[in-house]
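J.: Sharing entry_31.csv here; it has CSV, C-alpha atoms and all ligand atoms.
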chain,number,residue,atom,x,y,z
A,308,MET,CA,0.0,0.0,0.0
A,309,SER,CA,1.3,3.5,-0.9
A,310,ALA,CA,2.6,5.7,1.9
A,311,LYS,CA,2.1,8.9,-0.1
A,312,PRO,CA,-0.4,11.4,1.2
A,313,LYS,CA,-3.7,11.4,-0.5
A,314,LEU,CA,-4.9,14.5,-2.5
A,315,ALA,CA,-8.3,15.3,-3.8
A,316,ILE,CA,-9.4,18.1,-6.1
A,317,TYR,CA,-13.0,19.0,-6.5
A,318,TRP,CA,-15.1,21.7,-8.1
A,319,ALA,CA,-18.6,22.8,-7.1
A,320,SER,CA,-20.3,25.8,-8.8
A,321,SER,CA,-17.3,27.1,-10.7
A,322,CYS,CA,-16.1,28.0,-14.2
A,323,GLY,CA,-13.3,25.5,-14.5
A,324,GLY,CA,-10.6,28.3,-14.3
A,325,CYS,CA,-9.3,27.0,-11.0
A,326,GLU,CA,-8.8,23.6,-12.4
A,327,ILE,CA,-6.8,25.1,-15.2
A,328,ALA,CA,-4.8,27.2,-12.6
A,329,ILE,CA,-3.7,23.9,-11.1
A,330,LEU,CA,-2.3,22.8,-14.5
A,331,ALA,CA,-0.7,26.3,-14.8
A,332,ILE,CA,1.9,25.3,-12.3
A,333,HIS,CA,3.5,23.5,-15.3
A,334,GLU,CA,6.3,21.0,-14.4
A,335,LYS,CA,5.5,21.3,-10.7
A,336,ILE,CA,2.4,19.2,-11.4
A,337,LEU,CA,5.0,16.4,-11.6
A,338,ASP,CA,6.0,17.2,-8.0
A,339,VAL,CA,2.3,16.9,-7.1
A,340,ALA,CA,2.1,13.6,-8.8
A,341,ALA,CA,5.3,12.4,-7.2
A,342,ALA,CA,4.3,13.6,-3.7
A,343,PHE,CA,0.7,12.6,-3.6
A,344,ASP,CA,-1.7,9.8,-4.5
A,345,LEU,CA,-4.4,11.6,-6.5
A,346,VAL,CA,-7.5,9.8,-5.1
A,347,PHE,CA,-10.3,12.1,-6.5
A,348,TRP,CA,-10.2,14.6,-9.3
A,349,PRO,CA,-13.3,14.2,-11.4
A,350,CYS,CA,-12.4,17.0,-13.9
A,351,ALA,CA,-9.2,15.1,-15.0
A,352,LEU,CA,-9.6,11.4,-14.0
A,353,ASP,CA,-12.4,8.9,-13.9
A,354,PHE,CA,-13.2,8.8,-10.2
A,355,LYS,CA,-16.7,8.5,-8.8
A,356,LYS,CA,-18.3,9.8,-5.7
A,357,ALA,CA,-18.7,6.2,-4.5
A,358,ASP,CA,-14.9,6.0,-4.4
A,359,VAL,CA,-14.8,8.8,-1.9
A,360,GLU,CA,-17.8,7.4,0.1
A,361,ALA,CA,-15.9,4.1,0.4
A,362,MET,CA,-12.9,5.8,2.1
A,363,ALA,CA,-12.6,6.1,5.8
A,364,ASP,CA,-13.3,9.5,7.4
A,365,GLY,CA,-10.1,11.6,7.4
A,366,GLU,CA,-8.4,9.3,4.9
A,367,ILE,CA,-7.7,12.0,2.3
A,368,ASP,CA,-4.9,14.2,3.5
A,369,VAL,CA,-5.7,17.4,1.5
A,370,THR,CA,-8.7,18.4,-0.6
A,371,LEU,CA,-8.4,21.5,-2.8
A,372,PHE,CA,-12.1,22.6,-3.2
A,373,ASN,CA,-13.0,25.2,-5.8
A,374,GLY,CA,-16.3,26.6,-6.6
A,375,ALA,CA,-19.2,28.1,-4.6
A,376,ILE,CA,-22.1,26.3,-3.0
A,377,ARG,CA,-25.4,26.9,-4.7
A,378,THR,CA,-27.0,23.5,-5.1
A,379,ASP,CA,-27.9,20.5,-2.9
A,380,ASP,CA,-25.3,18.5,-4.8
A,381,ASN,CA,-22.5,21.1,-4.1
A,382,ALA,CA,-23.4,21.0,-0.4
A,383,GLU,CA,-23.5,17.3,-0.2
A,384,MET,CA,-20.1,17.1,-1.8
A,385,ALA,CA,-18.7,19.8,0.5
A,386,HIS,CA,-19.9,17.8,3.5
A,387,LEU,CA,-18.5,14.6,2.1
A,388,MET,CA,-15.1,16.1,1.2
A,389,ARG,CA,-14.9,17.7,4.7
A,390,ARG,CA,-15.6,14.4,6.4
A,391,LYS,CA,-13.1,12.5,4.4
A,392,SER,CA,-10.3,15.1,4.5
A,393,LYS,CA,-7.8,16.1,7.2
A,394,VAL,CA,-7.2,19.4,5.5
A,395,LEU,CA,-9.8,21.3,3.4
A,396,VAL,CA,-8.6,24.2,1.3
A,397,ALA,CA,-11.0,26.8,-0.1
A,398,PHE,CA,-9.3,27.1,-3.5
A,399,GLY,CA,-10.0,30.3,-5.4
A,400,SER,CA,-12.4,33.1,-5.1
A,401,CYS,CA,-15.6,31.1,-5.7
A,402,ALA,CA,-15.0,28.8,-2.8
A,403,MET,CA,-13.6,31.6,-0.6
A,404,GLU,CA,-15.9,34.5,-1.4
A,405,GLY,CA,-18.6,33.3,-3.8
A,406,CYS,CA,-17.1,35.2,-6.7
A,407,ALA,CA,-19.1,35.5,-10.0
A,408,PRO,CA,-21.6,32.8,-9.0
A,409,GLY,CA,-22.2,34.9,-5.8
A,410,LEU,CA,-23.5,37.8,-7.9
A,411,ALA,CA,-26.7,35.6,-8.2
A,412,ASN,CA,-27.4,36.8,-4.7
A,413,PHE,CA,-28.6,40.1,-6.2
A,414,ALA,CA,-31.6,38.0,-7.4
A,415,ASP,CA,-33.3,34.8,-6.2
A,416,ARG,CA,-33.9,31.4,-7.7
A,417,ALA,CA,-37.3,32.3,-9.1
A,418,GLN,CA,-36.0,35.5,-10.8
A,419,MET,CA,-33.1,33.6,-12.3
A,420,MET,CA,-35.2,30.7,-13.6
A,421,ARG,CA,-37.7,33.1,-15.1
A,422,TYR,CA,-35.0,35.0,-17.0
A,423,ILE,CA,-32.9,32.0,-18.0
A,424,TYR,CA,-35.8,29.8,-19.2
A,425,HIS,CA,-38.3,32.4,-20.3
A,426,ASP,CA,-37.3,36.0,-20.6
A,427,ALA,CA,-33.7,36.1,-22.0
A,428,PRO,CA,-33.7,37.3,-25.6
A,429,THR,CA,-32.1,34.1,-26.9
A,430,VAL,CA,-34.6,31.8,-25.3
A,431,ASP,CA,-36.9,29.8,-27.5
A,432,ASN,CA,-39.3,28.0,-25.1
A,433,PRO,CA,-42.9,28.3,-26.6
A,434,GLU,CA,-44.4,25.7,-24.2
A,435,GLY,CA,-42.8,27.5,-21.2
A,436,VAL,CA,-41.0,24.3,-20.0
A,437,ASP,CA,-39.2,24.6,-16.7
A,438,PRO,CA,-36.5,22.2,-15.5
A,439,GLN,CA,-38.0,19.9,-12.9
A,440,PRO,CA,-36.2,18.5,-9.8
A,441,GLN,CA,-37.6,15.1,-10.7
A,442,THR,CA,-38.6,13.6,-14.1
A,443,LEU,CA,-40.1,10.2,-14.6
A,444,VAL,CA,-38.7,8.3,-17.6
A,445,PRO,CA,-39.2,4.6,-18.5
A,446,GLU,CA,-35.9,3.7,-16.9
A,447,GLY,CA,-36.7,5.4,-13.6
A,448,THR,CA,-36.6,8.8,-12.0
A,449,LEU,CA,-34.1,11.4,-13.1
A,450,THR,CA,-33.2,14.1,-10.6
A,451,LEU,CA,-31.6,17.5,-10.8
A,452,PRO,CA,-29.9,18.9,-7.7
A,453,GLY,CA,-32.0,21.5,-5.9
A,454,PHE,CA,-30.9,25.0,-6.8
A,455,TRP,CA,-30.6,27.4,-3.8
A,456,ASN,CA,-31.8,30.9,-3.5
A,457,THR,CA,-28.5,32.0,-1.9
A,458,VAL,CA,-25.0,31.2,-3.1
A,459,LYS,CA,-22.7,30.4,-0.2
A,460,THR,CA,-19.0,30.3,0.3
A,461,LEU,CA,-17.5,26.9,1.3
A,462,ASP,CA,-16.9,28.0,4.9
A,463,GLN,CA,-20.5,29.1,5.2
A,464,VAL,CA,-21.4,25.4,4.7
A,465,VAL,CA,-18.5,23.4,6.3
A,466,PRO,CA,-15.3,24.3,8.3
A,467,VAL,CA,-12.3,25.2,6.1
A,468,ASP,CA,-8.7,24.9,7.1
A,469,TYR,CA,-6.9,27.2,4.5
A,470,TYR,CA,-7.8,29.7,1.9
A,471,LEU,CA,-6.1,30.3,-1.5
A,472,PRO,CA,-7.5,33.5,-3.0
A,473,GLY,CA,-7.7,34.6,-6.6
A,474,CYS,CA,-9.8,34.2,-9.7
A,475,PRO,CA,-8.1,32.0,-10.3
A,476,PRO,CA,-5.2,31.8,-7.9
A,477,GLU,CA,-1.9,32.7,-9.4
A,478,ALA,CA,0.3,29.7,-10.3
A,479,LYS,CA,3.0,30.8,-7.9
A,480,TRP,CA,0.7,30.7,-5.0
A,481,VAL,CA,-0.7,27.3,-6.0
A,482,ALA,CA,2.9,26.1,-6.2
A,483,ALA,CA,3.6,27.7,-2.8
A,484,ALA,CA,0.6,26.0,-1.3
A,485,VAL,CA,1.6,22.6,-2.7
A,486,GLU,CA,5.2,23.1,-1.4
A,487,ALA,CA,3.9,24.0,2.0
A,488,ILE,CA,1.7,20.9,2.1
A,489,VAL,CA,4.4,18.6,0.8
A,490,SER,CA,6.9,20.0,3.4
A,491,GLY,CA,4.4,20.0,6.2
A,492,GLN,CA,5.2,23.7,6.7
A,493,LEU,CA,1.6,25.0,6.6
A,494,PRO,CA,0.7,28.3,8.3
A,495,PRO,CA,-1.7,28.3,11.3
A,496,PRO,CA,-5.2,26.9,10.4
A,497,GLY,CA,-7.6,29.5,9.1
A,498,SER,CA,-4.8,31.3,7.3
A,499,VAL,CA,-5.0,32.8,3.8
A,500,ILE,CA,-2.1,31.5,1.7
A,501,GLY,CA,-0.5,34.5,0.1
A,502,MET,CA,0.2,38.1,1.0
A,503,ASP,CA,-1.4,40.4,3.6
A,504,VAL,CA,-1.0,43.8,2.0
A,505,THR,CA,-2.9,45.4,-0.9
A,506,VAL,CA,-2.5,45.4,-4.7
A,507,CYS,CA,-1.4,49.1,-4.4
A,508,ASP,CA,1.6,47.9,-2.4
A,509,GLU,CA,2.7,45.8,-5.4
A,510,CYS,CA,1.7,48.3,-8.1
A,511,PRO,CA,4.5,50.4,-9.6
A,512,ARG,CA,2.2,53.3,-10.7
A,513,GLU,CA,2.9,56.7,-9.2
A,514,ARG,CA,0.2,57.9,-6.7
A,515,SER,CA,-0.6,61.5,-5.9
A,516,GLU,CA,-3.2,63.1,-3.7
A,517,LYS,CA,-6.5,61.9,-5.2
A,518,LYS,CA,-9.4,64.2,-6.2
A,519,ILE,CA,-11.8,62.4,-8.4
A,520,SER,CA,-14.3,64.6,-10.3
A,521,ARG,CA,-15.7,61.9,-12.5
A,522,PHE,CA,-15.1,58.2,-13.3
A,523,TYR,CA,-14.2,56.9,-16.8
A,524,ARG,CA,-14.8,53.6,-18.3
A,525,PRO,CA,-11.6,51.9,-19.8
A,526,GLN,CA,-12.7,52.7,-23.4
A,527,GLU,CA,-13.2,56.4,-22.7
A,528,ILE,CA,-9.7,57.5,-22.0
A,529,ILE,CA,-6.1,56.4,-22.7
A,530,PRO,CA,-4.5,56.6,-19.3
A,531,ASP,CA,-1.0,57.8,-18.5
A,532,PRO,CA,0.9,54.5,-18.2
A,533,HIS,CA,2.9,55.7,-15.2
A,534,LYS,CA,0.2,57.3,-13.0
A,535,CYS,CA,-2.2,55.6,-10.6
A,536,LEU,CA,-5.4,54.7,-12.6
A,537,LEU,CA,-7.6,55.8,-9.8
A,538,ASP,CA,-6.0,59.2,-9.8
A,539,GLN,CA,-7.0,59.4,-13.4
A,540,GLY,CA,-10.7,58.4,-12.7
A,541,LEU,CA,-10.5,54.8,-13.7
A,542,LEU,CA,-12.0,52.7,-11.0
A,543,CYS,CA,-9.3,50.5,-9.5
A,544,MET,CA,-10.0,48.2,-6.5
A,545,GLY,CA,-6.3,47.9,-5.7
A,546,ILE,CA,-6.6,49.9,-2.5
A,547,ALA,CA,-9.1,47.3,-1.0
A,548,THR,CA,-7.7,44.1,-2.5
A,549,ARG,CA,-5.3,41.6,-1.2
A,550,ALA,CA,-1.9,41.5,-3.1
A,551,GLY,CA,-0.5,38.4,-4.7
A,552,CYS,CA,-1.2,38.8,-8.4
A,553,GLY,CA,1.7,41.2,-9.0
A,554,ALA,CA,-0.8,44.0,-9.9
A,555,LEU,CA,-1.3,42.3,-13.3
A,556,CYS,CA,-4.4,44.3,-14.3
A,557,PRO,CA,-3.1,47.8,-13.5
A,558,SER,CA,0.1,46.9,-15.4
A,559,VAL,CA,-1.9,46.6,-18.6
A,560,ASN,CA,-4.0,49.8,-18.0
A,561,MET,CA,-7.0,48.0,-16.4
A,562,GLY,CA,-8.2,48.8,-12.9
A,563,CYS,CA,-7.9,46.0,-10.4
A,564,ARG,CA,-11.2,44.2,-10.2
A,565,GLY,CA,-10.7,42.8,-6.7
A,566,CYS,CA,-10.4,39.1,-7.5
A,567,TYR,CA,-8.1,38.4,-4.6
A,568,GLY,CA,-10.7,39.6,-2.1
A,569,PRO,CA,-10.2,42.1,0.7
A,570,ASN,CA,-6.7,42.4,2.3
A,571,GLU,CA,-6.0,41.0,5.7
A,572,GLY,CA,-8.1,42.5,8.5
A,573,VAL,CA,-10.8,43.8,6.2
A,574,ASP,CA,-14.2,42.0,6.5
A,575,ASP,CA,-16.0,43.6,3.6
A,576,GLY,CA,-14.0,44.7,0.6
A,577,GLY,CA,-16.9,46.5,-1.0
A,578,ALA,CA,-17.5,48.6,2.1
A,579,ARG,CA,-13.8,49.4,2.4
A,580,MET,CA,-13.7,50.6,-1.2
A,581,ILE,CA,-16.8,52.7,-0.8
A,582,SER,CA,-15.3,54.3,2.3
A,583,ALA,CA,-12.0,54.9,0.5
A,584,LEU,CA,-13.7,56.6,-2.5
A,585,ALA,CA,-15.9,58.7,-0.3
A,586,SER,CA,-12.8,60.4,1.0
A,587,VAL,CA,-11.4,61.3,-2.4
A,588,LEU,CA,-14.5,62.5,-4.4
A,589,ASP,CA,-14.1,66.1,-5.4
A,590,ALA,CA,-17.5,67.2,-4.2
A,591,LYS,CA,-19.0,69.4,-1.6
A,592,THR,CA,-22.7,68.9,-1.9
A,593,PRO,CA,-24.9,65.8,-2.2
A,594,GLU,CA,-25.8,66.9,-5.7
A,595,GLU,CA,-22.2,67.0,-6.7
A,596,ILE,CA,-21.6,63.5,-5.2
A,597,ASP,CA,-24.6,62.2,-7.2
A,598,THR,CA,-23.2,63.7,-10.4
A,599,ILE,CA,-19.9,62.0,-9.9
A,600,LEU,CA,-21.5,58.7,-8.9
A,601,ASP,CA,-23.7,58.8,-12.1
A,602,THR,CA,-20.4,58.2,-14.0
A,603,LEU,CA,-19.9,54.9,-12.2
A,604,PRO,CA,-22.3,52.4,-13.8
A,605,ASP,CA,-23.2,49.3,-11.8
A,606,PRO,CA,-21.5,50.2,-8.5
A,607,ALA,CA,-22.8,47.0,-6.8
A,608,GLY,CA,-21.2,45.0,-9.5
A,609,TYR,CA,-17.9,46.9,-9.2
A,610,PHE,CA,-17.7,46.7,-5.4
A,611,TYR,CA,-19.1,43.2,-4.9
A,612,ARG,CA,-18.1,41.5,-8.1
A,613,PHE,CA,-16.2,38.8,-6.2
A,614,GLY,CA,-17.2,39.1,-2.6
A,615,LEU,CA,-21.0,39.5,-2.3
A,616,ALA,CA,-21.6,36.1,-0.8
A,617,ARG,CA,-19.0,36.6,1.9
A,618,SER,CA,-19.8,40.3,2.5
A,619,MET,CA,-21.8,41.7,5.4
A,620,LEU,CA,-24.7,42.1,2.9
A,621,GLN,CA,-24.4,38.5,1.6
A,622,ARG,CA,-27.5,39.0,-0.6
A,623,THR,CA,-30.4,41.2,-1.4
A,624,ALA,CA,-33.6,40.6,0.7
A,625,LEU,CA,-35.7,37.7,-0.6
A,626,ALA,CA,-39.1,38.7,-1.9
A,627,GLN,CA,-40.7,35.6,-0.3
A,628,GLU,CA,-38.4,35.1,2.7
A,629,ASN,CA,-41.0,32.8,4.3
A,630,GLY,CA,-42.7,31.6,1.2
A,631,ASP,CA,-42.9,28.0,-0.1
A,632,ARG,CA,-39.2,27.4,-1.1
A,633,ARG,CA,-40.2,24.2,-3.1
A,634,ALA,CA,-42.9,25.9,-5.2
A,635,HIS,CA,-40.5,26.8,-8.0
A,636,PRO,CA,-38.8,24.4,-10.4
A,637,MET,CA,-35.4,23.3,-9.1
A,638,ALA,CA,-36.5,23.7,-5.5
A,639,GLU,CA,-34.3,21.7,-3.2
A,640,VAL,CA,-34.6,17.9,-3.9
A,641,PRO,CA,-36.8,16.4,-1.1
A,642,HIS,CA,-34.6,13.3,-0.6
A,643,LEU,CA,-31.6,15.3,0.6
A,644,ASP,CA,-30.9,14.9,4.3
A,645,PRO,CA,-32.0,18.3,5.8
A,646,LYS,CA,-29.0,18.5,8.1
A,647,LEU,CA,-26.8,18.9,5.0
A,648,LYS,CA,-28.5,22.2,4.2
A,649,THR,CA,-27.4,25.3,6.1
A,701,LIG,S1,-12.4,31.5,-8.8
A,701,LIG,FE1,-12.5,32.4,-10.9
A,701,LIG,S2,-11.3,30.9,-12.1
A,701,LIG,FE2,-11.9,29.9,-10.1
A,701,LIG,S3,-13.8,28.8,-10.6
A,701,LIG,FE3,-14.3,30.8,-9.7
A,701,LIG,S4,-14.7,32.1,-11.5
A,701,LIG,FE4,-13.5,30.3,-12.2
A,702,LIG,S1,-3.5,51.8,-10.2
A,702,LIG,FE1,-4.8,50.8,-8.7
A,702,LIG,S2,-3.4,49.3,-7.7
A,702,LIG,FE2,-2.1,50.8,-8.7
A,702,LIG,S3,-1.7,52.3,-7.2
A,702,LIG,FE3,-3.5,53.1,-8.3
A,702,LIG,S4,-5.3,52.2,-7.1
A,702,LIG,FE4,-3.4,51.1,-6.4
Take the structure in the file and give it back as structure tokens.
Ligand code: SF4
Ligand code: SF4
T.:
Amino acid sequence: MSAKPKLAIYWASSCGGCEIAILAIHEKILDVAAAFDLVFWPCALDFKKADVEAMADGEIDVTLFNGAIRTDDNAEMAHLMRRKSKVLVAFGSCAMEGCAPGLANFADRAQMMRYIYHDAPTVDNPEGVDPQPQTLVPEGTLTLPGFWNTVKTLDQVVPVDYYLPGCPPEAKWVAAAVEAIVSGQLPPPGSVIGMDVTVCDECPRERSEKKISRFYRPQEIIPDPHKCLLDQGLLCMGIATRAGCGALCPSVNMGCRGCYGPNEGVDDGGARMISALASVLDAKTPEEIDTILDTLPDPAGYFYRFGLARSMLQRTALAQENGDRRAHPMAEVPHLDPKLKT
């Protein structure tokens, strides 16, 4: 029997970018293969859930879990991987903060289903068919996982040992995490693997005293390549975002979007950014403030693009907070053990 530690990699509600980020560590993937027995990685190898279920609790040494939790299936797998793993890593922004899937928390399940299956301009659904949680076919009953109203982060569903931020995490930090795991030199449990400071601390652009009189979209101006983008009116989340990417976006004239999440000690990156901007707007009256903010389309999308599910807001109020949650197609599947839902 192999003495190598066991590694699992799993994705829940994600885009697949985090899986690609693992491959982006290039030849270090051979170190991973040499150091670990890969016991579960459905994206790359033909493992089944039953293989994991058959393992003893705690048998997997490390699980890298990417993707947010938005379905009964995601939650079931999060609980299963937690139970079977000694160390569970929230890998990437979706698992850590909700990321792009978490933007769904600006709506609810009914609104999304209505748009996706009925109202979107590209939809052709003359009979108004909705996906059903259960469908009877001659061979038996087909089920779809229940679809939640609220997207959650991994640690809102199960305890998490480490966090690897980024959308996706930069290869050097994936490699650093792998090396730390291989050498057994992991930081204290609960740590974020990466840097504590902000993207501004990594950014070579020259900053001056800010006075913003309007915001520009990237296509509206050609920015000075040496000056801070925010000083030039281009929204840049660098001041409220954890460093670690090497200020990649500002280095190509794009404002930081905040994909590494808030820096150490900040609970709500959006609130931090709003507070920082409030102090540099060149306005004296509420009307002047409104005029400047009118040049910033979709502020909620800017400030909470990656972190809504983890933020203090977490989501918008549900229209039917106490209504029948199973009334809509894709309501939670009844067979799922209720204790798996949180
Ligand atoms: S963190 Fe980014 S790259 Fe990773 S799964 Fe989510 S959206 Fe994709
Ligand atoms: S461009 Fe962005 S990351 Fe760079 S110094 Fe300005 S605010 Fe910070």
J.: All residues within 9 Å of ligand LIG 701 (chain A) are required, counting all atoms listed in the file; please report them as a ChimeraX atom specification.
T.: /A:318-328,373-375,398-408,472-476,566,613
J.: Please identify the residues whose atoms come within 6 Å of ligand LIG 702 (chain A), using only C-alpha atoms and all ligand atoms, and report them as a list of chain:residue names.
T.: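 Counting only what the definition allows, namely only C-alpha atoms and all ligand atoms, the set is A:Val506, A:Cys507, A:Cys510, A:Arg512, A:Arg514, A:Cys535, A:Leu536, A:Leu537, A:Cys543, A:Gly545, A:Ile546, A:Pro557, A:Gly562, A:Cys563.
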J.: When you look at range 379-385 of chain A with a cut-off of 6 Å (counting only C-alpha atoms), what residues show up, excluding the ones that are within fewer than 2 positions of it in the same chain? I need them as a PyMOL selection string.
T.: chain A and resi 319+376+387-388+452-453
J.: With distances taken over all atoms listed in the file, which of A:Val396, A:Ala547, A:Leu584, A:Val369 is nearest to Gly497 in chain A?
T.: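 Counting all atoms listed in the file, the residue closest to Gly497 in chain A is A:Val396.
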J.: By how many Å are CA of Leu555 in chain A and CA of Pro511 in chain A apart?
T.: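 Atom-to-atom, CA of Leu555 in chain A to CA of Pro511 in chain A, that is 10.6 Å.
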J.: Could you give me, as a PDB file with C-alpha atoms, in the coordinates of the input, the residues within 8 Å of Arg390 in chain A, counting only C-alpha atoms and dropping anything in the same chain fewer than 4 positions from it?
T.:
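Result file result06.pdb:
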ATOM      1  CA  ASP A 364     -13.300   9.500   7.400  1.00  0.00           C
ATOM      2  CA  GLY A 365     -10.100  11.600   7.400  1.00  0.00           C
ATOM      3  CA  HIS A 386     -19.900  17.800   3.500  1.00  0.00           C
TER       4      HIS A 386
END
J.: Tell me which protein, DNA and RNA residues are within 12 Å of Met420 in chain A, counting all atoms listed in the file, leaving out same-chain ones fewer than 2 positions away, and put them as a ChimeraX atom specification.
T.: /A:411,414-418,422-427,430,435-439,454-456,635-638
J.: For Ile336 in chain A, list every protein, DNA or RNA residue within 12 Å, evaluated using all atoms listed in the file, and leave out those in the same chain fewer than 3 positions away; present the list as an NGL selection string.
T.: :A and (327-333 or 339-343 or 345 or 478 or 481-482 or 485-486)
J.: Would you fill out range 378-389 of chain A with N, CA and C atoms and return it as a PDB file, in the coordinates of the input?
T.:
ATOM      1  N   THR A 378     -26.055  24.539  -4.863  1.00  0.00           N
ATOM      2  CA  THR A 378     -27.000  23.500  -5.100  1.00  0.00           C
ATOM      3  C   THR A 378     -26.920  22.437  -3.960  1.00  0.00           C
ATOM      4  N   ASP A 379     -27.947  21.607  -3.852  1.00  0.00           N
ATOM      5  CA  ASP A 379     -27.900  20.500  -2.900  1.00  0.00           C
ATOM      6  C   ASP A 379     -26.697  19.609  -3.147  1.00  0.00           C
ATOM      7  N   ASP A 380     -26.383  19.405  -4.419  1.00  0.00           N
ATOM      8  CA  ASP A 380     -25.300  18.500  -4.800  1.00  0.00           C
ATOM      9  C   ASP A 380     -23.932  19.156  -4.298  1.00  0.00           C
ATOM     10  N   ASN A 381     -23.763  20.463  -4.523  1.00  0.00           N
ATOM     11  CA  ASN A 381     -22.500  21.100  -4.100  1.00  0.00           C
ATOM     12  C   ASN A 381     -22.392  20.957  -2.546  1.00  0.00           C
ATOM     13  N   ALA A 382     -23.498  21.139  -1.821  1.00  0.00           N
ATOM     14  CA  ALA A 382     -23.400  21.000  -0.400  1.00  0.00           C
ATOM     15  C   ALA A 382     -23.134  19.619   0.087  1.00  0.00           C
ATOM     16  N   GLU A 383     -23.761  18.668  -0.582  1.00  0.00           N
ATOM     17  CA  GLU A 383     -23.500  17.300  -0.200  1.00  0.00           C
ATOM     18  C   GLU A 383     -22.066  16.904  -0.422  1.00  0.00           C
ATOM     19  N   MET A 384     -21.479  17.378  -1.548  1.00  0.00           N
ATOM     20  CA  MET A 384     -20.100  17.100  -1.800  1.00  0.00           C
ATOM     21  C   MET A 384     -19.153  17.829  -0.832  1.00  0.00           C
ATOM     22  N   ALA A 385     -19.542  19.047  -0.457  1.00  0.00           N
ATOM     23  CA  ALA A 385     -18.700  19.800   0.500  1.00  0.00           C
ATOM     24  C   ALA A 385     -18.690  19.037   1.849  1.00  0.00           C
ATOM     25  N   HIS A 386     -19.845  18.540   2.277  1.00  0.00           N
ATOM     26  CA  HIS A 386     -19.900  17.800   3.500  1.00  0.00           C
ATOM     27  C   HIS A 386     -19.100  16.476   3.408  1.00  0.00           C
ATOM     28  N   LEU A 387     -19.226  15.829   2.252  1.00  0.00           N
ATOM     29  CA  LEU A 387     -18.500  14.600   2.100  1.00  0.00           C
ATOM     30  C   LEU A 387     -16.991  14.787   2.071  1.00  0.00           C
ATOM     31  N   MET A 388     -16.538  15.805   1.312  1.00  0.00           N
ATOM     32  CA  MET A 388     -15.100  16.100   1.200  1.00  0.00           C
ATOM     33  C   MET A 388     -14.556  16.518   2.591  1.00  0.00           C
ATOM     34  N   ARG A 389     -15.351  17.282   3.316  1.00  0.00           N
ATOM     35  CA  ARG A 389     -14.900  17.700   4.700  1.00  0.00           C
ATOM     36  C   ARG A 389     -14.732  16.486   5.572  1.00  0.00           C
TER      37      ARG A 389
END
